[in-house]
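Remarks on the structure that follows.
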Amino acid sequence: MIFIKNLFWLHPKKTNWCNKCPKCVFVFLILSNFLTLKELETIFWKNLFESKSLENTFAELIWLKKHKPFECVWTIEESVLSFYRAIKKYPENNFYILEKFKKDILKKTKSLNMESVEKEFL
């Protein structure tokens, strides 16, 4: 909880969290694996998994588009793992983004050894 209290200064109206760029989307995705939805919404002021306007950005994160944003340095494995964990974490919530890419993520997890990817990154 100390971690969350220290993140309150990240409020988008007080800092550079625009909730539109690849960096914000990736940070939201990664944090979704470790924080509650309420904690995420406290930091970002909304649930980015519900933002239809971010569909292309999320697609770029898992390399469904040929363009990979330059601002962030992640691998496809990190992004797929984060998506996979988010899908497992929120099975009862039909968040637009998670539902949109669920089949693609499950297909990609078959080609990756998720157990070894998880061990490497976590």
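In the structure tokens, each chain is lettered A, B, ... as it comes, each chain's residues begin at 1, and ligands are numbered from 1 in order of appearance.
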
Applying 6 Å and only C-alpha atoms, which residues near range 56-65 of chain A remain after dropping the ones on its own chain fewer than 4 positions away? List them as a PyMOL selection string. chain A and resi 76+79-80

Written selection (N, CA and C atoms) as an mmCIF file, in the first residue's frame:
```
data_model
loop_
_atom_site.group_PDB
_atom_site.id
_atom_site.type_symbol
_atom_site.label_atom_id
_atom_site.label_comp_id
_atom_site.auth_asym_id
_atom_site.auth_seq_id
_atom_site.Cartn_x
_atom_site.Cartn_y
_atom_site.Cartn_z
ATOM 1 N N ILE A 76 7.956 -8.384 -26.942
ATOM 2 C CA ILE A 76 6.645 -8.961 -27.199
ATOM 3 C C ILE A 76 6.267 -9.916 -26.069
ATOM 4 N N SER A 79 4.844 -8.001 -23.089
ATOM 5 C CA SER A 79 3.493 -7.504 -23.371
ATOM 6 C C SER A 79 2.473 -8.632 -23.405
ATOM 7 N N VAL A 80 2.811 -9.722 -24.059
ATOM 8 C CA VAL A 80 1.893 -10.867 -24.129
ATOM 9 C C VAL A 80 1.666 -11.431 -22.730
#
```

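Between Glu50 in chain A and the candidates A:Leu106, A:Leu37, A:Cys18, A:Leu81, the tightest atom-to-atom separation, counting only C-alpha atoms, involves A:Leu37.
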
Using only C-alpha atoms, determine which residues lie at most 10 Å from Glu78 in chain A, disregarding the query and same-chain residues fewer than 3 positions distant; provide the list as a list in words. Phe26, Ile30, Leu61, Ile62, Trp74, Thr75, Leu81, Ser82, Phe83, Tyr84, Val117, Glu118, Glu120, Phe121 and Leu122 of chain A

At a cut-off of 7 Å, using only C-alpha atoms, what residues contact Ala86 in chain A? Leave out same-chain residues fewer than 4 positions from it and give the result as a compact mmCIF listing (two decimals) with C-alpha atoms, in the first residue's frame.
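Heads up, here's the output in out_27.txt:
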```txt
# COMPACT_ATOMS: atom_id res chain seq x y z
CA SER A 32 -2.71 -4.16 -14.05
CA ASN A 33 -0.95 -7.40 -13.16
CA SER A 82 1.03 -8.92 -19.13
CA TYR A 90 -10.33 -10.13 -14.83
```
